[in-house]
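The data block below is structure.cif; it holds mmCIF, N, CA and C atoms.
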data_input
#
loop_
_atom_site.label_atom_id
_atom_site.label_comp_id
_atom_site.auth_asym_id
_atom_site.auth_seq_id
_atom_site.Cartn_x
_atom_site.Cartn_y
_atom_site.Cartn_z
N MET A 1411 8.84 215.68 41.88
CA MET A 1411 8.05 215.95 43.06
C MET A 1411 6.84 216.78 42.65
N ALA A 1412 5.73 216.58 43.35
CA ALA A 1412 4.48 217.27 43.05
C ALA A 1412 4.59 218.74 43.44
N PRO A 1413 3.94 219.62 42.69
CA PRO A 1413 3.91 221.02 43.11
C PRO A 1413 3.15 221.15 44.42
N SER A 1414 3.51 222.12 45.21
CA SER A 1414 2.78 222.39 46.45
C SER A 1414 1.43 222.99 46.11
N ILE A 1415 0.54 223.00 47.09
CA ILE A 1415 -0.76 223.59 46.88
C ILE A 1415 -0.56 225.03 46.45
N GLY A 1416 -1.27 225.42 45.40
CA GLY A 1416 -1.15 226.77 44.88
C GLY A 1416 -0.09 226.92 43.81
N GLN A 1417 0.82 225.96 43.69
CA GLN A 1417 1.83 226.00 42.64
C GLN A 1417 1.31 225.30 41.40
N VAL A 1418 1.84 225.70 40.29
CA VAL A 1418 1.48 225.08 39.02
C VAL A 1418 2.73 224.41 38.47
N SER A 1419 2.57 223.22 37.92
CA SER A 1419 3.73 222.52 37.38
C SER A 1419 4.25 223.24 36.15
N ASP A 1420 5.50 223.03 35.84
CA ASP A 1420 6.16 223.69 34.72
C ASP A 1420 5.69 223.21 33.36
N ASN A 1421 5.08 222.03 33.27
CA ASN A 1421 4.80 221.46 31.96
C ASN A 1421 3.39 221.70 31.46
N ARG A 1422 2.60 222.53 32.12
CA ARG A 1422 1.22 222.66 31.71
C ARG A 1422 1.01 223.35 30.38
N HIS A 1423 1.94 224.18 29.95
CA HIS A 1423 1.80 224.86 28.66
C HIS A 1423 2.89 224.46 27.68
N SER A 1424 3.66 223.47 28.01
CA SER A 1424 4.77 223.05 27.17
C SER A 1424 4.27 222.42 25.88
N PRO A 1425 4.77 222.90 24.74
CA PRO A 1425 4.36 222.28 23.47
C PRO A 1425 4.90 220.87 23.31
N THR A 1426 5.88 220.50 24.13
CA THR A 1426 6.45 219.16 24.04
C THR A 1426 5.92 218.23 25.12
N ALA A 1427 4.95 218.69 25.89
CA ALA A 1427 4.39 217.86 26.96
C ALA A 1427 3.79 216.58 26.38
N GLN A 1428 3.97 215.50 27.11
CA GLN A 1428 3.41 214.21 26.69
C GLN A 1428 1.90 214.27 26.79
N PRO A 1429 1.19 213.46 26.00
CA PRO A 1429 -0.27 213.40 26.14
C PRO A 1429 -0.63 212.90 27.55
N ASN A 1430 -1.68 213.46 28.09
CA ASN A 1430 -2.14 213.09 29.43
C ASN A 1430 -2.78 211.70 29.37
N PRO A 1431 -2.20 210.70 30.06
CA PRO A 1431 -2.72 209.33 29.99
C PRO A 1431 -3.87 209.04 30.97
N VAL A 1432 -4.21 210.00 31.83
CA VAL A 1432 -5.17 209.73 32.89
C VAL A 1432 -6.60 209.98 32.40
N THR A 1433 -7.32 208.89 32.23
CA THR A 1433 -8.73 208.93 31.88
C THR A 1433 -9.48 208.15 32.95
N ILE A 1434 -10.80 208.24 32.90
CA ILE A 1434 -11.61 207.47 33.84
C ILE A 1434 -11.28 205.98 33.71
N ALA A 1435 -11.19 205.50 32.49
CA ALA A 1435 -10.91 204.07 32.28
C ALA A 1435 -9.53 203.69 32.81
N ALA A 1436 -8.52 204.52 32.56
CA ALA A 1436 -7.17 204.22 33.03
C ALA A 1436 -7.11 204.25 34.56
N TRP A 1437 -7.77 205.23 35.18
CA TRP A 1437 -7.78 205.35 36.64
C TRP A 1437 -8.47 204.15 37.28
N ARG A 1438 -9.65 203.80 36.77
CA ARG A 1438 -10.37 202.64 37.31
C ARG A 1438 -9.54 201.37 37.18
N ALA A 1439 -8.92 201.18 36.03
CA ALA A 1439 -8.10 199.99 35.81
C ALA A 1439 -6.92 199.95 36.78
N ALA A 1440 -6.30 201.09 36.98
CA ALA A 1440 -5.13 201.15 37.87
C ALA A 1440 -5.51 200.84 39.31
N VAL A 1441 -6.62 201.41 39.78
CA VAL A 1441 -7.04 201.20 41.17
C VAL A 1441 -7.54 199.77 41.39
N SER A 1442 -8.19 199.20 40.40
CA SER A 1442 -8.79 197.87 40.59
C SER A 1442 -7.84 196.71 40.27
N ASP A 1443 -6.70 196.99 39.66
CA ASP A 1443 -5.74 195.94 39.31
C ASP A 1443 -5.13 195.33 40.56
N ASP A 1444 -5.43 194.07 40.82
CA ASP A 1444 -4.92 193.40 42.03
C ASP A 1444 -3.40 193.28 42.07
N SER A 1445 -2.77 193.21 40.91
CA SER A 1445 -1.31 193.04 40.88
C SER A 1445 -0.55 194.31 41.23
N GLY A 1446 -1.18 195.47 41.04
CA GLY A 1446 -0.49 196.74 41.27
C GLY A 1446 0.30 197.22 40.08
N LYS A 1447 0.40 196.40 39.03
CA LYS A 1447 1.21 196.77 37.87
C LYS A 1447 0.64 198.00 37.15
N ALA A 1448 -0.67 198.02 36.90
CA ALA A 1448 -1.28 199.16 36.20
C ALA A 1448 -1.14 200.44 37.02
N PHE A 1449 -1.25 200.33 38.34
CA PHE A 1449 -1.09 201.49 39.21
C PHE A 1449 0.34 202.01 39.12
N ALA A 1450 1.31 201.11 39.16
CA ALA A 1450 2.73 201.49 39.09
C ALA A 1450 3.07 202.15 37.76
N GLU A 1451 2.41 201.75 36.68
CA GLU A 1451 2.68 202.33 35.36
C GLU A 1451 2.10 203.74 35.22
N LEU A 1452 1.13 204.08 36.05
CA LEU A 1452 0.44 205.36 35.94
C LEU A 1452 0.85 206.36 37.02
N VAL A 1453 1.36 205.85 38.15
CA VAL A 1453 1.56 206.67 39.34
C VAL A 1453 3.04 206.72 39.73
N HIS A 1454 3.54 207.92 40.04
CA HIS A 1454 4.92 208.11 40.47
C HIS A 1454 5.14 207.48 41.84
N GLU A 1455 6.33 207.01 42.10
CA GLU A 1455 6.62 206.35 43.38
C GLU A 1455 6.47 207.28 44.58
N ASP A 1456 6.61 208.60 44.38
CA ASP A 1456 6.48 209.56 45.46
C ASP A 1456 5.15 210.31 45.45
N VAL A 1457 4.12 209.71 44.87
CA VAL A 1457 2.80 210.34 44.79
C VAL A 1457 2.30 210.72 46.18
N VAL A 1458 1.48 211.77 46.22
CA VAL A 1458 0.84 212.21 47.46
C VAL A 1458 -0.67 212.20 47.24
N LEU A 1459 -1.39 211.64 48.21
CA LEU A 1459 -2.84 211.60 48.21
C LEU A 1459 -3.35 212.46 49.35
N GLU A 1460 -4.25 213.39 49.02
CA GLU A 1460 -4.87 214.24 50.02
C GLU A 1460 -6.37 214.18 49.82
N GLY A 1461 -7.12 214.50 50.86
CA GLY A 1461 -8.55 214.53 50.68
C GLY A 1461 -9.31 214.84 51.95
N SER A 1462 -10.57 215.15 51.74
CA SER A 1462 -11.44 215.51 52.85
C SER A 1462 -11.68 214.35 53.81
N VAL A 1463 -11.40 213.12 53.39
CA VAL A 1463 -11.64 211.96 54.25
C VAL A 1463 -10.36 211.44 54.92
N PHE A 1464 -9.24 212.13 54.70
CA PHE A 1464 -7.96 211.71 55.29
C PHE A 1464 -7.51 212.73 56.32
N ALA A 1465 -7.02 212.25 57.46
CA ALA A 1465 -6.54 213.15 58.52
C ALA A 1465 -5.28 213.90 58.09
N SER A 1466 -4.47 213.28 57.25
CA SER A 1466 -3.24 213.91 56.76
C SER A 1466 -2.91 213.30 55.40
N PRO A 1467 -2.02 213.96 54.65
CA PRO A 1467 -1.65 213.42 53.34
C PRO A 1467 -1.01 212.03 53.47
N ILE A 1468 -1.21 211.22 52.44
CA ILE A 1468 -0.64 209.89 52.37
C ILE A 1468 0.40 209.92 51.26
N ALA A 1469 1.60 209.48 51.54
CA ALA A 1469 2.68 209.59 50.57
C ALA A 1469 3.23 208.21 50.21
N GLY A 1470 3.60 208.08 48.95
CA GLY A 1470 4.22 206.85 48.45
C GLY A 1470 3.22 206.00 47.69
N ARG A 1471 3.69 205.42 46.58
CA ARG A 1471 2.80 204.68 45.68
C ARG A 1471 2.05 203.55 46.36
N GLU A 1472 2.73 202.71 47.14
CA GLU A 1472 2.04 201.58 47.76
C GLU A 1472 1.04 202.03 48.83
N ALA A 1473 1.40 203.06 49.60
CA ALA A 1473 0.48 203.58 50.62
C ALA A 1473 -0.75 204.20 49.97
N VAL A 1474 -0.55 204.92 48.88
CA VAL A 1474 -1.67 205.54 48.17
C VAL A 1474 -2.53 204.47 47.51
N ARG A 1475 -1.91 203.49 46.92
CA ARG A 1475 -2.67 202.39 46.30
C ARG A 1475 -3.54 201.69 47.35
N ASN A 1476 -2.96 201.42 48.50
CA ASN A 1476 -3.71 200.77 49.58
C ASN A 1476 -4.88 201.65 50.03
N ALA A 1477 -4.64 202.95 50.20
CA ALA A 1477 -5.70 203.85 50.63
C ALA A 1477 -6.81 203.92 49.60
N MET A 1478 -6.47 203.95 48.32
CA MET A 1478 -7.48 204.00 47.26
C MET A 1478 -8.29 202.70 47.24
N ARG A 1479 -7.64 201.59 47.41
CA ARG A 1479 -8.34 200.31 47.40
C ARG A 1479 -9.24 200.15 48.63
N GLN A 1480 -8.76 200.58 49.80
CA GLN A 1480 -9.58 200.54 51.00
C GLN A 1480 -10.78 201.48 50.86
N SER A 1481 -10.53 202.65 50.31
CA SER A 1481 -11.60 203.62 50.08
C SER A 1481 -12.66 203.07 49.14
N SER A 1482 -12.23 202.42 48.07
CA SER A 1482 -13.19 201.92 47.07
C SER A 1482 -14.12 200.86 47.67
N ARG A 1483 -13.69 200.17 48.70
CA ARG A 1483 -14.53 199.15 49.34
C ARG A 1483 -15.69 199.75 50.13
N LEU A 1484 -15.63 201.04 50.43
CA LEU A 1484 -16.67 201.68 51.22
C LEU A 1484 -17.84 202.17 50.37
N TYR A 1485 -17.66 202.18 49.06
CA TYR A 1485 -18.73 202.65 48.18
C TYR A 1485 -19.72 201.52 47.89
N ASP A 1486 -20.99 201.86 47.96
CA ASP A 1486 -22.04 200.95 47.51
C ASP A 1486 -22.19 201.07 46.00
N ARG A 1487 -21.96 202.27 45.51
CA ARG A 1487 -22.06 202.57 44.08
C ARG A 1487 -21.22 203.81 43.81
N LEU A 1488 -20.52 203.81 42.68
CA LEU A 1488 -19.72 204.98 42.29
C LEU A 1488 -19.78 205.12 40.78
N GLU A 1489 -20.21 206.28 40.33
CA GLU A 1489 -20.33 206.54 38.89
C GLU A 1489 -19.62 207.84 38.56
N PHE A 1490 -18.68 207.77 37.62
CA PHE A 1490 -18.01 208.98 37.15
C PHE A 1490 -18.93 209.67 36.16
N THR A 1491 -19.14 210.98 36.35
CA THR A 1491 -20.12 211.71 35.54
C THR A 1491 -19.49 212.72 34.60
N CYS A 1492 -18.23 213.09 34.84
CA CYS A 1492 -17.59 214.09 33.99
C CYS A 1492 -16.08 213.93 34.10
N GLU A 1493 -15.39 214.17 33.00
CA GLU A 1493 -13.92 214.11 32.95
C GLU A 1493 -13.43 215.33 32.19
N THR A 1494 -12.45 216.03 32.76
CA THR A 1494 -11.84 217.18 32.10
C THR A 1494 -10.33 217.03 32.20
N GLN A 1495 -9.63 217.32 31.10
CA GLN A 1495 -8.18 217.16 31.07
C GLN A 1495 -7.48 218.39 30.53
N SER A 1496 -6.26 218.59 30.99
CA SER A 1496 -5.29 219.48 30.37
C SER A 1496 -4.02 218.65 30.24
N THR A 1497 -2.92 219.26 29.87
CA THR A 1497 -1.70 218.47 29.68
C THR A 1497 -1.19 217.87 30.99
N ASP A 1498 -1.43 218.55 32.12
CA ASP A 1498 -0.88 218.05 33.39
C ASP A 1498 -1.91 217.87 34.50
N ARG A 1499 -3.19 217.90 34.15
CA ARG A 1499 -4.25 217.73 35.14
C ARG A 1499 -5.39 216.91 34.54
N THR A 1500 -6.05 216.15 35.40
CA THR A 1500 -7.30 215.49 35.04
C THR A 1500 -8.24 215.66 36.23
N TYR A 1501 -9.48 215.98 35.93
CA TYR A 1501 -10.50 216.14 36.96
C TYR A 1501 -11.66 215.20 36.66
N PHE A 1502 -12.10 214.47 37.67
CA PHE A 1502 -13.27 213.61 37.55
C PHE A 1502 -14.33 214.12 38.52
N GLU A 1503 -15.55 214.25 38.04
CA GLU A 1503 -16.69 214.44 38.94
C GLU A 1503 -17.35 213.09 39.08
N TRP A 1504 -17.88 212.80 40.24
CA TRP A 1504 -18.49 211.50 40.48
C TRP A 1504 -19.62 211.61 41.49
N GLU A 1505 -20.46 210.59 41.48
CA GLU A 1505 -21.55 210.51 42.45
C GLU A 1505 -21.83 209.04 42.74
N GLY A 1506 -22.47 208.81 43.84
CA GLY A 1506 -22.78 207.43 44.19
C GLY A 1506 -23.36 207.33 45.58
N ALA A 1507 -23.06 206.23 46.23
CA ALA A 1507 -23.50 205.99 47.60
C ALA A 1507 -22.35 205.31 48.34
N ALA A 1508 -22.19 205.69 49.58
CA ALA A 1508 -21.18 205.07 50.44
C ALA A 1508 -21.77 204.93 51.83
N LEU A 1509 -21.59 203.77 52.42
CA LEU A 1509 -22.11 203.50 53.75
C LEU A 1509 -23.62 203.75 53.82
N GLY A 1510 -24.28 203.49 52.69
CA GLY A 1510 -25.73 203.63 52.62
C GLY A 1510 -26.23 205.06 52.42
N LEU A 1511 -25.33 206.01 52.20
CA LEU A 1511 -25.71 207.41 52.05
C LEU A 1511 -25.27 207.97 50.69
N PRO A 1512 -26.02 208.93 50.13
CA PRO A 1512 -25.58 209.55 48.88
C PRO A 1512 -24.29 210.34 49.09
N VAL A 1513 -23.41 210.27 48.11
CA VAL A 1513 -22.13 210.97 48.17
C VAL A 1513 -21.78 211.45 46.77
N TRP A 1514 -21.06 212.56 46.69
CA TRP A 1514 -20.59 213.06 45.40
C TRP A 1514 -19.30 213.82 45.64
N GLY A 1515 -18.57 214.09 44.56
CA GLY A 1515 -17.33 214.82 44.74
C GLY A 1515 -16.54 214.96 43.47
N VAL A 1516 -15.27 215.35 43.68
CA VAL A 1516 -14.34 215.61 42.59
C VAL A 1516 -13.00 214.97 42.94
N THR A 1517 -12.37 214.38 41.95
CA THR A 1517 -11.00 213.89 42.07
C THR A 1517 -10.14 214.74 41.17
N ALA A 1518 -9.11 215.36 41.73
CA ALA A 1518 -8.17 216.18 40.96
C ALA A 1518 -6.83 215.45 40.93
N ILE A 1519 -6.34 215.19 39.73
CA ILE A 1519 -5.10 214.43 39.54
C ILE A 1519 -4.09 215.31 38.82
N SER A 1520 -2.89 215.41 39.40
CA SER A 1520 -1.81 216.20 38.80
C SER A 1520 -0.71 215.28 38.31
N LEU A 1521 -0.15 215.61 37.16
CA LEU A 1521 0.96 214.85 36.59
C LEU A 1521 2.26 215.61 36.82
N GLY A 1522 3.32 214.85 37.06
CA GLY A 1522 4.64 215.44 37.15
C GLY A 1522 5.23 215.61 35.76
N THR A 1523 6.43 216.16 35.71
CA THR A 1523 7.09 216.38 34.41
C THR A 1523 7.41 215.07 33.70
N ASP A 1524 7.42 213.96 34.45
CA ASP A 1524 7.67 212.65 33.85
C ASP A 1524 6.41 212.02 33.27
N GLY A 1525 5.27 212.70 33.41
CA GLY A 1525 4.01 212.20 32.87
C GLY A 1525 3.28 211.23 33.79
N LEU A 1526 3.82 210.98 34.97
CA LEU A 1526 3.17 210.10 35.95
C LEU A 1526 2.38 210.92 36.96
N ILE A 1527 1.39 210.29 37.57
CA ILE A 1527 0.58 210.98 38.58
C ILE A 1527 1.45 211.30 39.78
N SER A 1528 1.48 212.57 40.16
CA SER A 1528 2.28 213.00 41.30
C SER A 1528 1.43 213.41 42.51
N ARG A 1529 0.15 213.76 42.25
CA ARG A 1529 -0.72 214.18 43.34
C ARG A 1529 -2.15 213.82 42.99
N VAL A 1530 -2.88 213.33 44.00
CA VAL A 1530 -4.31 213.04 43.87
C VAL A 1530 -5.01 213.72 45.04
N VAL A 1531 -6.06 214.48 44.72
CA VAL A 1531 -6.84 215.14 45.76
C VAL A 1531 -8.29 214.70 45.60
N LEU A 1532 -8.84 214.11 46.66
CA LEU A 1532 -10.22 213.65 46.66
C LEU A 1532 -11.07 214.59 47.51
N SER A 1533 -12.16 215.05 46.95
CA SER A 1533 -13.06 215.93 47.67
C SER A 1533 -14.44 215.28 47.71
N HIS A 1534 -14.85 214.84 48.89
CA HIS A 1534 -16.15 214.20 49.09
C HIS A 1534 -17.15 215.20 49.67
N ARG A 1535 -18.42 215.01 49.36
CA ARG A 1535 -19.52 215.81 49.91
C ARG A 1535 -20.71 214.90 50.10
N PRO A 1536 -21.62 215.13 50.97
CA PRO A 1536 -21.72 216.18 51.98
C PRO A 1536 -20.94 215.84 53.25
N LEU A 1537 -20.87 216.81 54.14
CA LEU A 1537 -20.05 216.68 55.33
C LEU A 1537 -20.42 215.47 56.19
N ALA A 1538 -21.70 215.16 56.32
CA ALA A 1538 -22.11 214.01 57.15
C ALA A 1538 -21.50 212.71 56.62
N VAL A 1539 -21.44 212.59 55.32
CA VAL A 1539 -20.83 211.39 54.72
C VAL A 1539 -19.32 211.44 54.86
N VAL A 1540 -18.73 212.63 54.72
CA VAL A 1540 -17.28 212.78 54.90
C VAL A 1540 -16.88 212.27 56.28
N ASP A 1541 -17.61 212.68 57.30
CA ASP A 1541 -17.30 212.27 58.68
C ASP A 1541 -17.37 210.75 58.84
N ARG A 1542 -18.44 210.13 58.36
CA ARG A 1542 -18.60 208.67 58.49
C ARG A 1542 -17.58 207.93 57.64
N PHE A 1543 -17.35 208.41 56.42
CA PHE A 1543 -16.39 207.78 55.51
C PHE A 1543 -14.99 207.86 56.12
N ALA A 1544 -14.63 209.04 56.64
CA ALA A 1544 -13.31 209.22 57.24
C ALA A 1544 -13.10 208.28 58.42
N ALA A 1545 -14.11 208.12 59.26
CA ALA A 1545 -14.00 207.22 60.41
C ALA A 1545 -13.82 205.78 59.96
N ALA A 1546 -14.60 205.35 58.98
CA ALA A 1546 -14.49 203.97 58.48
C ALA A 1546 -13.14 203.75 57.81
N LEU A 1547 -12.70 204.72 57.05
CA LEU A 1547 -11.42 204.60 56.35
C LEU A 1547 -10.25 204.61 57.34
N SER A 1548 -10.33 205.44 58.32
CA SER A 1548 -9.29 205.51 59.34
C SER A 1548 -9.12 204.15 60.03
N ALA A 1549 -10.23 203.50 60.32
CA ALA A 1549 -10.16 202.19 60.97
C ALA A 1549 -9.51 201.16 60.05
N SER A 1550 -9.80 201.22 58.74
CA SER A 1550 -9.24 200.22 57.83
C SER A 1550 -7.77 200.52 57.50
N LEU A 1551 -7.34 201.77 57.63
CA LEU A 1551 -5.94 202.13 57.33
C LEU A 1551 -5.05 202.13 58.55
N ALA A 1552 -5.64 201.98 59.73
CA ALA A 1552 -4.85 202.00 60.97
C ALA A 1552 -3.83 200.87 60.99
N PRO A 1553 -2.61 201.17 61.45
CA PRO A 1553 -1.61 200.10 61.55
C PRO A 1553 -2.10 199.00 62.50
N ARG A 1554 -1.78 197.79 62.15
CA ARG A 1554 -2.24 196.67 62.99
C ARG A 1554 -1.08 196.05 63.70
#

What is this file in C-alpha cells?
Amino acid sequence: MAPSIGQVSDNRHSPTAQPNPVTIAAWRAAVSDDSGKAFAELVHEDVVLEGSVFASPIAGREAVRNAMRQSSRLYDRLEFTCETQSTDRTYFEWEGAALGLPVWGVTAISLGTDGLISRVVLSHRPLAVVDRFAAALSASLAPR
C-alpha cells in the first residue's frame, strides 16, 4: 500500500532496494500502450492517482490507467523537461498546451516496496487551465 501524504516509504534508503524503473520513456510507454500490459508491469494493482485536476483520488490500476489515458487526450502538446529519481520516487517536470492554453506542472511518482508504482500525483498550473482541464476530464470520466 502507498504511504499516506507526509509519510515516507521504508525502502528509500535501503541498500537492497531495487533500481527505480520509472523513467520518462517507461512512463510514456506504459500510458500509451493500448493493451495495458506495459502499464500493468509498472503499476501496482492498488495504485492511487491524485491531482489538482481530480475531484478526489482515483484508486486501482484500471481506473488510474483510464484516467491517465483520458487526461492525455486533452493535451495539444506535452513535453517532459526534467526527470529526477531516487530509489522510491521519480519526479517529472513538464510543459505544453491543453485545451488551447499553456500548461505546466510536475508528476510525482512513488514506488512501493515491491518496486511498482503505488502513487501518482499530478500538479497542473496555472489555475485557469486546472479549472478547464478538470471540467473536461470530469465529463470524460463520468459514469455513463

* Asked: Do you know which residues the PyMOL selection byres (((chain A and resi 1550 and name CA) around 12) and name CA) returns on this file, as JSON, numbers by chain?
  -> {"A": [1464, 1476, 1477, 1478, 1479, 1480, 1481, 1482, 1483, 1484, 1543, 1544, 1545, 1546, 1547, 1548, 1549, 1551, 1552, 1553, 1554]}

* Could you list the residues chosen by the PyMOL selection byres ((chain A and resi 1430) around 6) in this structure as a PyMOL selection string? => chain A and resi 1428-1429+1431-1432+1496-1497

Might I get the box with edges along x, y and z of the file that holds all atoms of segment 1519-1524 of chain A listed there, padded by 8 Å on every side, given as centre and edge lengths in Å to one decimal, as AutoDock Vina command-line options?
--center_x 0.7 --center_y 214.2 --center_z 36.5 --size_x 30.0 --size_y 20.4 --size_z 22.5

* To do: Run DSSP on the backbone and give me the residues of chain A it puts in alpha helix (DSSP H), as a VMD selection string.
  => chain A and resid 1434 to 1442 1447 to 1452 1471 to 1482 1537 to 1551

Tell me which protein, DNA and RNA residues are within 6 Å of Val1457 of chain A, counting all atoms listed in the file, leaving out same-chain ones fewer than 5 positions away, and put them as a PDB file with N, CA and C atoms, in the frame of the given file.
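Just written: around.pdb:
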ATOM      1  N   ILE A1468      -1.210 211.220  52.440  1.00  0.00           N
ATOM      2  CA  ILE A1468      -0.640 209.890  52.370  1.00  0.00           C
ATOM      3  C   ILE A1468       0.400 209.920  51.260  1.00  0.00           C
ATOM      4  N   ALA A1469       1.600 209.480  51.540  1.00  0.00           N
ATOM      5  CA  ALA A1469       2.680 209.590  50.570  1.00  0.00           C
ATOM      6  C   ALA A1469       3.230 208.210  50.210  1.00  0.00           C
ATOM      7  N   GLY A1470       3.600 208.080  48.950  1.00  0.00           N
ATOM      8  CA  GLY A1470       4.220 206.850  48.450  1.00  0.00           C
ATOM      9  C   GLY A1470       3.220 206.000  47.690  1.00  0.00           C
ATOM     10  N   ARG A1471       3.690 205.420  46.580  1.00  0.00           N
ATOM     11  CA  ARG A1471       2.800 204.680  45.680  1.00  0.00           C
ATOM     12  C   ARG A1471       2.050 203.550  46.360  1.00  0.00           C
ATOM     13  N   ILE A1527       1.390 210.290  37.570  1.00  0.00           N
ATOM     14  CA  ILE A1527       0.580 210.980  38.580  1.00  0.00           C
ATOM     15  C   ILE A1527       1.450 211.300  39.780  1.00  0.00           C
ATOM     16  N   SER A1528       1.480 212.570  40.160  1.00  0.00           N
ATOM     17  CA  SER A1528       2.280 213.000  41.300  1.00  0.00           C
ATOM     18  C   SER A1528       1.430 213.410  42.510  1.00  0.00           C
ATOM     19  N   ARG A1529       0.150 213.760  42.250  1.00  0.00           N
ATOM     20  CA  ARG A1529      -0.720 214.180  43.340  1.00  0.00           C
ATOM     21  C   ARG A1529      -2.150 213.820  42.990  1.00  0.00           C
TER      22      ARG A1529
END

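Among A:Asp1443, A:Glu1451, A:Asp1498, A:Glu1460, the residue with the shortest atom-to-atom distance to Thr1523 of chain A, counting all atoms listed in the file, is A:Asp1498.
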
* All residues 12 Å or closer to Asp1541 of chain A, only C-alpha atoms, same chain fewer than 5 positions away omitted, as a PyMOL selection string -> chain A and resi 1462-1465+1508-1509+1511+1513+1534-1536+1546-1548

Could you find all residues in segment 1462-1510 of chain A that DSSP calls strand (DSSP E) from the backbone, and write them as a short mmCIF file (atom, residue, chain, number, x, y, z; two decimals) with N, CA and C atoms, in the coordinates of the input?
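See states.cif below for the written result:
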data_model
loop_
_atom_site.label_atom_id
_atom_site.label_comp_id
_atom_site.auth_asym_id
_atom_site.auth_seq_id
_atom_site.Cartn_x
_atom_site.Cartn_y
_atom_site.Cartn_z
N ILE A 1468 -1.21 211.22 52.44
CA ILE A 1468 -0.64 209.89 52.37
C ILE A 1468 0.40 209.92 51.26
N ALA A 1469 1.60 209.48 51.54
CA ALA A 1469 2.68 209.59 50.57
C ALA A 1469 3.23 208.21 50.21
N TYR A 1485 -17.66 202.18 49.06
CA TYR A 1485 -18.73 202.65 48.18
C TYR A 1485 -19.72 201.52 47.89
N ASP A 1486 -20.99 201.86 47.96
CA ASP A 1486 -22.04 200.95 47.51
C ASP A 1486 -22.19 201.07 46.00
N ARG A 1487 -21.96 202.27 45.51
CA ARG A 1487 -22.06 202.57 44.08
C ARG A 1487 -21.22 203.81 43.81
N LEU A 1488 -20.52 203.81 42.68
CA LEU A 1488 -19.72 204.98 42.29
C LEU A 1488 -19.78 205.12 40.78
N GLU A 1489 -20.21 206.28 40.33
CA GLU A 1489 -20.33 206.54 38.89
C GLU A 1489 -19.62 207.84 38.56
N PHE A 1490 -18.68 207.77 37.62
CA PHE A 1490 -18.01 208.98 37.15
C PHE A 1490 -18.93 209.67 36.16
N THR A 1491 -19.14 210.98 36.35
CA THR A 1491 -20.12 211.71 35.54
C THR A 1491 -19.49 212.72 34.60
N CYS A 1492 -18.23 213.09 34.84
CA CYS A 1492 -17.59 214.09 33.99
C CYS A 1492 -16.08 213.93 34.10
N GLU A 1493 -15.39 214.17 33.00
CA GLU A 1493 -13.92 214.11 32.95
C GLU A 1493 -13.43 215.33 32.19
N THR A 1494 -12.45 216.03 32.76
CA THR A 1494 -11.84 217.18 32.10
C THR A 1494 -10.33 217.03 32.20
N GLN A 1495 -9.63 217.32 31.10
CA GLN A 1495 -8.18 217.16 31.07
C GLN A 1495 -7.48 218.39 30.53
N ARG A 1499 -3.19 217.90 34.15
CA ARG A 1499 -4.25 217.73 35.14
C ARG A 1499 -5.39 216.91 34.54
N THR A 1500 -6.05 216.15 35.40
CA THR A 1500 -7.30 215.49 35.04
C THR A 1500 -8.24 215.66 36.23
N TYR A 1501 -9.48 215.98 35.93
CA TYR A 1501 -10.50 216.14 36.96
C TYR A 1501 -11.66 215.20 36.66
N PHE A 1502 -12.10 214.47 37.67
CA PHE A 1502 -13.27 213.61 37.55
C PHE A 1502 -14.33 214.12 38.52
N GLU A 1503 -15.55 214.25 38.04
CA GLU A 1503 -16.69 214.44 38.94
C GLU A 1503 -17.35 213.09 39.08
N TRP A 1504 -17.88 212.80 40.24
CA TRP A 1504 -18.49 211.50 40.48
C TRP A 1504 -19.62 211.61 41.49
N GLU A 1505 -20.46 210.59 41.48
CA GLU A 1505 -21.55 210.51 42.45
C GLU A 1505 -21.83 209.04 42.74
N GLY A 1506 -22.47 208.81 43.84
CA GLY A 1506 -22.78 207.43 44.19
C GLY A 1506 -23.36 207.33 45.58
N ALA A 1507 -23.06 206.23 46.23
CA ALA A 1507 -23.50 205.99 47.60
C ALA A 1507 -22.35 205.31 48.34
N ALA A 1508 -22.19 205.69 49.58
CA ALA A 1508 -21.18 205.07 50.44
C ALA A 1508 -21.77 204.93 51.83
#

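This file, queried with the PyMOL selection byres ((chain A and resi 1434) around 8), gives the residues Pro1431, Val1432, Thr1433, Ala1435, Ala1436, Trp1437, Arg1438, Ala1439, Ala1440, Phe1490, Cys1492, Glu1493, Thr1494, Tyr1501 and Phe1502 of chain A.
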
* Calculate how many Å separate atom N of Ser1520 of chain A from atom N of Val1539 of chain A, rounding to one decimal. => 24.6 Å

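The space between atom C of Leu1537 of chain A and atom C of Glu1472 of chain A spans 26.4 Å.
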
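Atom C of Asp1524 of chain A is positioned 11.6 Å from atom N of Asp1456 of chain A.
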